[in-house]
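Colleague: This is the structure I have questions about; it appears just below.
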Amino acid sequence: MTEKHSEQYEVIVVGGGAAGLSAALVLGRARRRTLVVDAGEPRNAPAAHMHGYLSRDGMPPAEFLAIGRDEIARYGVEFVRDRAVDVTKGEEFAVALASGRTVRARRLVIATGLRDELPAVPGVAERFGRDVLHCPYCHGWEVRDQAFGVLATTALSVHQALMVSQWSKDVTLFLHTVAEQELSDDDLRRLAAAGVKRVPGEVAELVVEDDHLSAVRLTDGTTHAREVVFTAPRAVPQTDLLQRLGAELHETPFGAYPVVDPTGLTTVPGVWAVGNAMGFAEQVVNAAAGGYRAGAFINGELLMTDLDAAVPA
């Protein structure tokens with residue numbers, strides 16, 4: 001039987017991606033006893049490279065995270081591969097881990113990100129991060145001028161088709177489960193102006209030959225030669241811990257995210273949310289910046305709290 005025990009920190013960071021590691025780096029350099037708890041399930045794991053991060057463009061995500069873990073260790077930040085399964089708040093936060101440990105801290109950073117739910121079309125999950133993509137800013141340059149398909153999941157997929165037309169002039173929008181009448185007049189005008197072709201009918205599968213995407217096959221048996229398919233996964237924010245603490249959430253077209261101030265502070269005093277835990281559109285570089293901002297603010301807030309407590313009445 002595993003012995004359960006408690007450990008005390010000043011700050012616990014739940015999530016060891018760009019946002020969480022960045023917050024931990026700032027806190028470690030500020031000499032705060034900090035723990036990072038990470039389940040080892042980064043959202044960008046399927047991608048071979050990440051892009052758009054100045055000085056790190058093209059770096060494999062796993063290498064980026066490994067360097068980050070090495071950097072925080074230099075400043076005494078502890079890192080544990082574990083999953084936070086529960087959290088309670090009293091005078092401090094108590095975080096229960098799947099391993100049986102309970103760790104405690106004065107402040108909490110939630111950097112648990114989000115999970116992508118892909119369309120249930122054979123071939124999509126298998127090719128995701130290779131020639132099935134979701135973000136043209138992340139991967140558009142690498143597949144430029146190839147034959148693009150866009151697998152529609154909602155009427156918002158029109159926006160994705162219009163965006164990717166910046167990287168290729170050969171774009172086909174497969175309406176899949178979206179009816180033509182769901183498209184607005186503005187949608188139709190913009191698709192025509194961008195030269196995006198529309199194909200009605202449900203997609204049955206992606207055709208792969210010699211380990212490369214070669215076509216999109218519809219349920220009626222017709223195939224359309226394509227080299228790359230863009231699609232928009234359903235974003236599932238990982239807000240379980242925030243909900244347990246009673247954080248206020250607000251609904252967006254991409255899920256319910258916590259209400260935060262400019263530093264990432266939630267409606268629960270002492271709890272910050274950073275990276276994709278606080279918003280759908282946070283790229284790696286944005287997530288790192290948000291983590292830095294939260295870490296600096298938390299250090300200052302702890303400092304002033306302690307100084308005020310030390311002032312004689």
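Quick note on naming: the chains in the structure tokens go A, B, ... in the order shown, residues restart at 1 in each chain, and ligands are numbered from 1 in order of appearance.
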Name the residues in contact with Leu108 (chain A) at a cut-off of 7 Å, using only C-alpha atoms, excluding same-chain residues fewer than 6 positions from it; report them as a ChimeraX atom specification.
Modeller: /A:11-13,270-272
Colleague: Let me see the file: selected residues, all heavy atoms, as an mmCIF file, in the first residue's frame.
Modeller:
data_model
loop_
_atom_site.group_PDB
_atom_site.id
_atom_site.type_symbol
_atom_site.label_atom_id
_atom_site.label_comp_id
_atom_site.auth_asym_id
_atom_site.auth_seq_id
_atom_site.Cartn_x
_atom_site.Cartn_y
_atom_site.Cartn_z
ATOM 1 N N VAL A 11 3.817 27.662 -4.351
ATOM 2 C CA VAL A 11 2.969 27.647 -5.552
ATOM 3 C C VAL A 11 2.998 26.245 -6.156
ATOM 4 O O VAL A 11 4.070 25.641 -6.284
ATOM 5 C CB VAL A 11 3.448 28.665 -6.608
ATOM 6 C CG1 VAL A 11 2.471 28.700 -7.787
ATOM 7 C CG2 VAL A 11 3.602 30.053 -6.010
ATOM 8 N N ILE A 12 1.842 25.762 -6.529
ATOM 9 C CA ILE A 12 1.739 24.530 -7.313
ATOM 10 C C ILE A 12 1.225 24.905 -8.698
ATOM 11 O O ILE A 12 0.231 25.626 -8.833
ATOM 12 C CB ILE A 12 0.790 23.508 -6.664
ATOM 13 C CG1 ILE A 12 1.373 23.012 -5.335
ATOM 14 C CG2 ILE A 12 0.544 22.322 -7.605
ATOM 15 C CD1 ILE A 12 0.420 22.132 -4.542
ATOM 16 N N VAL A 13 1.911 24.404 -9.717
ATOM 17 C CA VAL A 13 1.508 24.593 -11.108
ATOM 18 C C VAL A 13 1.014 23.248 -11.618
ATOM 19 O O VAL A 13 1.774 22.272 -11.625
ATOM 20 C CB VAL A 13 2.687 25.087 -11.973
ATOM 21 C CG1 VAL A 13 2.236 25.258 -13.429
ATOM 22 C CG2 VAL A 13 3.253 26.388 -11.423
ATOM 23 N N GLY A 270 -6.387 33.524 -5.383
ATOM 24 C CA GLY A 270 -5.233 32.651 -5.280
ATOM 25 C C GLY A 270 -5.083 31.632 -6.387
ATOM 26 O O GLY A 270 -4.143 30.835 -6.370
ATOM 27 N N VAL A 271 -5.995 31.651 -7.375
ATOM 28 C CA VAL A 271 -5.954 30.662 -8.467
ATOM 29 C C VAL A 271 -5.850 31.385 -9.804
ATOM 30 O O VAL A 271 -6.705 32.216 -10.139
ATOM 31 C CB VAL A 271 -7.205 29.754 -8.458
ATOM 32 C CG1 VAL A 271 -7.133 28.749 -9.615
ATOM 33 C CG2 VAL A 271 -7.323 29.026 -7.131
ATOM 34 N N TRP A 272 -4.814 31.040 -10.568
ATOM 35 C CA TRP A 272 -4.601 31.589 -11.902
ATOM 36 C C TRP A 272 -4.796 30.500 -12.949
ATOM 37 O O TRP A 272 -4.483 29.332 -12.704
ATOM 38 C CB TRP A 272 -3.188 32.163 -12.027
ATOM 39 C CG TRP A 272 -3.022 33.543 -11.490
ATOM 40 C CD1 TRP A 272 -2.930 34.710 -12.188
ATOM 41 C CD2 TRP A 272 -2.919 33.925 -10.099
ATOM 42 N NE1 TRP A 272 -2.783 35.779 -11.339
ATOM 43 C CE2 TRP A 272 -2.773 35.343 -10.047
ATOM 44 C CE3 TRP A 272 -2.938 33.219 -8.892
ATOM 45 C CZ2 TRP A 272 -2.648 36.034 -8.860
ATOM 46 C CZ3 TRP A 272 -2.821 33.910 -7.697
ATOM 47 C CH2 TRP A 272 -2.674 35.305 -7.686
#
Colleague: At a cut-off of 6 Å, using only C-alpha atoms, what residues contact region 30-35 of chain A? Leave out same-chain residues fewer than 5 positions from it and give the result as a PyMOL selection string.
Modeller: chain A and resi 9-12+77-79
Colleague: I need the residues from that last selection saved to file as a PDB file, in the first residue's frame (with N, CA and C atoms), if you can.
Modeller:
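This went into again39.pdb:
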ATOM      1  N   TYR A   9       4.317  23.715  -0.455  1.00  0.00           N
ATOM      2  CA  TYR A   9       4.969  24.589  -1.425  1.00  0.00           C
ATOM      3  C   TYR A   9       4.344  25.971  -1.314  1.00  0.00           C
ATOM      4  N   GLU A  10       4.990  26.922  -1.947  1.00  0.00           N
ATOM      5  CA  GLU A  10       4.375  28.236  -2.052  1.00  0.00           C
ATOM      6  C   GLU A  10       3.408  28.279  -3.237  1.00  0.00           C
ATOM      7  N   VAL A  11       3.817  27.662  -4.351  1.00  0.00           N
ATOM      8  CA  VAL A  11       2.969  27.647  -5.552  1.00  0.00           C
ATOM      9  C   VAL A  11       2.998  26.245  -6.156  1.00  0.00           C
ATOM     10  N   ILE A  12       1.842  25.762  -6.529  1.00  0.00           N
ATOM     11  CA  ILE A  12       1.739  24.530  -7.313  1.00  0.00           C
ATOM     12  C   ILE A  12       1.225  24.905  -8.698  1.00  0.00           C
ATOM     13  N   VAL A  77      12.958  24.385  -8.900  1.00  0.00           N
ATOM     14  CA  VAL A  77      11.564  23.999  -9.099  1.00  0.00           C
ATOM     15  C   VAL A  77      11.485  22.477  -9.204  1.00  0.00           C
ATOM     16  N   GLU A  78      10.563  21.886  -8.482  1.00  0.00           N
ATOM     17  CA  GLU A  78      10.367  20.441  -8.539  1.00  0.00           C
ATOM     18  C   GLU A  78       9.350  20.099  -9.623  1.00  0.00           C
ATOM     19  N   PHE A  79       9.580  18.966 -10.253  1.00  0.00           N
ATOM     20  CA  PHE A  79       8.698  18.499 -11.322  1.00  0.00           C
ATOM     21  C   PHE A  79       8.318  17.062 -11.024  1.00  0.00           C
TER      22      PHE A  79
END
Colleague: Counting only C-alpha atoms, what is within 12 Å of Asp261 (chain A), bar same-chain residues fewer than 2 positions away, as a JSON list (two decimals) with C-alpha atoms, in the first residue's frame?
Modeller:
[["chain", "number", "residue", "atom", "x", "y", "z"],
["A", 248, "GLU", "CA", -16.79, 31.22, -12.73],
["A", 258, "PRO", "CA", -12.71, 30.57, -16.77],
["A", 259, "VAL", "CA", -13.32, 34.25, -16.29],
["A", 263, "THR", "CA", -2.90, 38.42, -15.29],
["A", 264, "GLY", "CA", -4.86, 35.17, -15.53],
["A", 265, "LEU", "CA", -6.38, 35.45, -12.05],
["A", 266, "THR", "CA", -9.69, 33.58, -11.88],
["A", 267, "THR", "CA", -12.68, 34.45, -9.73],
["A", 268, "VAL", "CA", -11.22, 32.18, -7.03],
["A", 269, "PRO", "CA", -8.68, 34.17, -4.98],
["A", 271, "VAL", "CA", -5.95, 30.66, -8.47],
["A", 272, "TRP", "CA", -4.60, 31.59, -11.90],
["A", 273, "ALA", "CA", -5.41, 29.97, -15.25],
["A", 274, "VAL", "CA", -2.92, 30.22, -18.11],
["A", 278, "MET", "CA", -8.05, 30.04, -20.09],
["A", 290, "GLY", "CA", 0.73, 34.26, -20.20],
["A", 293, "ARG", "CA", 2.85, 37.23, -16.63],
["A", 294, "ALA", "CA", 1.03, 35.10, -14.06],
["A", 297, "PHE", "CA", 2.23, 38.72, -10.61]]
Colleague: For Gly129 (chain A), which of A:Leu151, A:Ala47, A:Ala281, A:Ala204 is the closest residue, counting only C-alpha atoms?
Modeller: A:Ala47
Colleague: As number ranges by chain, please: all residues of region 53-85 of chain A that backbone DSSP puts in strand (DSSP E).
Modeller: A: 78-81, 84-85
Colleague: Got a sec: who's within 10 Å of Ala256 (chain A), counting only C-alpha atoms, leaving out chain neighbours fewer than 2 positions off, as a list in words?
Modeller: Ala235, Val236, Pro237, Gln238, Thr239, Glu248, Leu249, His250, Glu251, Thr252, Pro253, Phe254, Pro258, Val259, Ala277, Met278, Gly279 and Phe280 of chain A
Colleague: Leaving out region 72-76 of chain A and any residue of its chain fewer than 2 positions from it, which residues lie within 6 Å of it when counting only C-alpha atoms, given as a PyMOL selection string?
Modeller: chain A and resi 25+28-29+69-70
Colleague: Create the file for the chosen residues now, containing N, CA, C and O atoms and written as a compact mmCIF listing (two decimals), in the first residue's frame.
Modeller:
# COMPACT_ATOMS: atom_id res chain seq x y z
N LEU A 25 9.20 28.86 -14.24
CA LEU A 25 10.53 29.45 -14.42
C LEU A 25 10.62 30.81 -13.70
O LEU A 25 11.60 31.08 -12.99
N GLY A 28 10.52 30.16 -9.92
CA GLY A 28 11.77 29.59 -9.44
C GLY A 28 12.87 30.64 -9.34
O GLY A 28 13.62 30.69 -8.35
N ARG A 29 12.95 31.48 -10.34
CA ARG A 29 13.96 32.55 -10.33
C ARG A 29 13.66 33.59 -9.24
O ARG A 29 14.56 34.31 -8.81
N ARG A 69 11.92 21.84 -18.86
CA ARG A 69 12.05 21.13 -17.58
C ARG A 69 13.46 21.25 -17.02
O ARG A 69 13.65 21.40 -15.81
N ASP A 70 14.45 21.19 -17.90
CA ASP A 70 15.84 21.37 -17.45
C ASP A 70 16.05 22.78 -16.89
O ASP A 70 16.75 22.96 -15.88
Colleague: Can you list, as a ChimeraX atom specification, every residue of region 64-301 of chain A that DSSP puts in alpha helix (DSSP H)?
Modeller: /A:64-73,124-127,136-139,157-164,185-194,240-244,284-301
Colleague: Could you tell me how far CA of Leu241 (chain A) lies from CA of Glu117 (chain A), in Å and to one decimal?
Modeller: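 Computing the Euclidean distance for CA of Leu241 (chain A) and CA of Glu117 (chain A) yields 20.0 Å.
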Colleague: Quick one: residues within 9 Å of region 87-89 of chain A, only C-alpha atoms counted, chain neighbours fewer than 2 positions away excluded, as a PyMOL selection string?
Modeller: chain A and resi 84-85+91-96+241-242+244-245
Colleague: I'd like the interatomic distance between CA of Arg106 (chain A) and CA of Gln8 (chain A), to a tenth of an Å.
Modeller: 8.7 Å
Colleague: I'd like the contact shell of Thr177 (chain A) - 12 Å cut-off, only C-alpha atoms, skipping same-chain residues fewer than 6 positions apart - returned as a list in words.
Modeller: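 Everything that qualifies: Pro119, Ala120, Val121, Leu151, Ala152, Thr153, Thr154, Ala155, Ser157, Val199, Pro200, Gly201, Glu202, Val203, Ala204, Leu218 and Thr219 of chain A.
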Colleague: Write a file of the just-selected residues containing N, CA, C and O atoms, as an mmCIF file, in the first residue's frame.
Modeller:
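again_29.cif was written with the following content:
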data_model
loop_
_atom_site.group_PDB
_atom_site.id
_atom_site.type_symbol
_atom_site.label_atom_id
_atom_site.label_comp_id
_atom_site.auth_asym_id
_atom_site.auth_seq_id
_atom_site.Cartn_x
_atom_site.Cartn_y
_atom_site.Cartn_z
ATOM 1 N N PRO A 119 -13.134 14.826 -35.611
ATOM 2 C CA PRO A 119 -14.286 14.241 -36.293
ATOM 3 C C PRO A 119 -14.111 12.730 -36.452
ATOM 4 O O PRO A 119 -13.003 12.250 -36.735
ATOM 5 N N ALA A 120 -15.207 11.997 -36.278
ATOM 6 C CA ALA A 120 -15.151 10.528 -36.340
ATOM 7 C C ALA A 120 -15.194 10.053 -37.787
ATOM 8 O O ALA A 120 -16.114 9.342 -38.208
ATOM 9 N N VAL A 121 -14.173 10.430 -38.533
ATOM 10 C CA VAL A 121 -14.022 10.011 -39.926
ATOM 11 C C VAL A 121 -12.760 9.162 -40.010
ATOM 12 O O VAL A 121 -11.689 9.611 -39.604
ATOM 13 N N LEU A 151 -12.419 19.764 -44.027
ATOM 14 C CA LEU A 151 -13.520 18.925 -43.577
ATOM 15 C C LEU A 151 -14.383 19.741 -42.630
ATOM 16 O O LEU A 151 -13.980 20.057 -41.503
ATOM 17 N N ALA A 152 -15.579 20.097 -43.075
ATOM 18 C CA ALA A 152 -16.446 20.954 -42.275
ATOM 19 C C ALA A 152 -17.070 20.156 -41.134
ATOM 20 O O ALA A 152 -17.503 19.013 -41.313
ATOM 21 N N THR A 153 -17.104 20.782 -39.976
ATOM 22 C CA THR A 153 -17.787 20.204 -38.817
ATOM 23 C C THR A 153 -18.933 21.095 -38.354
ATOM 24 O O THR A 153 -19.893 20.615 -37.783
ATOM 25 N N THR A 154 -18.809 22.378 -38.603
ATOM 26 C CA THR A 154 -19.894 23.345 -38.355
ATOM 27 C C THR A 154 -19.797 24.400 -39.449
ATOM 28 O O THR A 154 -18.843 24.413 -40.249
ATOM 29 N N ALA A 155 -20.767 25.317 -39.455
ATOM 30 C CA ALA A 155 -20.728 26.409 -40.431
ATOM 31 C C ALA A 155 -19.501 27.289 -40.238
ATOM 32 O O ALA A 155 -19.069 27.991 -41.168
ATOM 33 N N SER A 157 -16.623 26.316 -40.171
ATOM 34 C CA SER A 157 -15.543 25.774 -40.989
ATOM 35 C C SER A 157 -15.320 26.593 -42.253
ATOM 36 O O SER A 157 -14.255 26.510 -42.870
ATOM 37 N N VAL A 199 -18.058 21.025 -51.899
ATOM 38 C CA VAL A 199 -18.505 19.684 -52.242
ATOM 39 C C VAL A 199 -19.496 19.231 -51.175
ATOM 40 O O VAL A 199 -19.109 19.004 -50.025
ATOM 41 N N PRO A 200 -20.791 19.113 -51.522
ATOM 42 C CA PRO A 200 -21.759 18.611 -50.549
ATOM 43 C C PRO A 200 -21.623 17.099 -50.386
ATOM 44 O O PRO A 200 -21.001 16.421 -51.206
ATOM 45 N N GLY A 201 -22.212 16.583 -49.332
ATOM 46 C CA GLY A 201 -22.185 15.141 -49.110
ATOM 47 C C GLY A 201 -21.270 14.764 -47.960
ATOM 48 O O GLY A 201 -20.247 15.408 -47.723
ATOM 49 N N GLU A 202 -21.628 13.687 -47.277
ATOM 50 C CA GLU A 202 -20.879 13.257 -46.106
ATOM 51 C C GLU A 202 -19.593 12.545 -46.512
ATOM 52 O O GLU A 202 -19.564 11.769 -47.473
ATOM 53 N N VAL A 203 -18.532 12.827 -45.779
ATOM 54 C CA VAL A 203 -17.241 12.185 -46.035
ATOM 55 C C VAL A 203 -17.219 10.831 -45.337
ATOM 56 O O VAL A 203 -17.536 10.723 -44.142
ATOM 57 N N ALA A 204 -16.813 9.794 -46.063
ATOM 58 C CA ALA A 204 -16.749 8.432 -45.512
ATOM 59 C C ALA A 204 -15.389 8.124 -44.922
ATOM 60 O O ALA A 204 -15.294 7.482 -43.864
ATOM 61 N N LEU A 218 -16.214 10.204 -50.378
ATOM 62 C CA LEU A 218 -17.536 10.462 -49.844
ATOM 63 C C LEU A 218 -18.330 9.166 -49.686
ATOM 64 O O LEU A 218 -17.949 8.117 -50.239
ATOM 65 N N THR A 219 -19.444 9.236 -48.962
ATOM 66 C CA THR A 219 -20.265 8.038 -48.759
ATOM 67 C C THR A 219 -20.915 7.552 -50.052
ATOM 68 O O THR A 219 -21.308 6.389 -50.140
#
Colleague: Quote the spacing between CA of Val80 (chain A) and CA of Asp38 (chain A) in Å to one decimal place.
Modeller: 6.4 Å
Colleague: Which residue gives the smallest distance to Tyr292 (chain A) among A:Asp86, A:Arg130, A:Gly275, A:Glu182, with only C-alpha atoms counted?
Modeller: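 Among the listed residues, A:Gly275 lies closest to Tyr292 (chain A).
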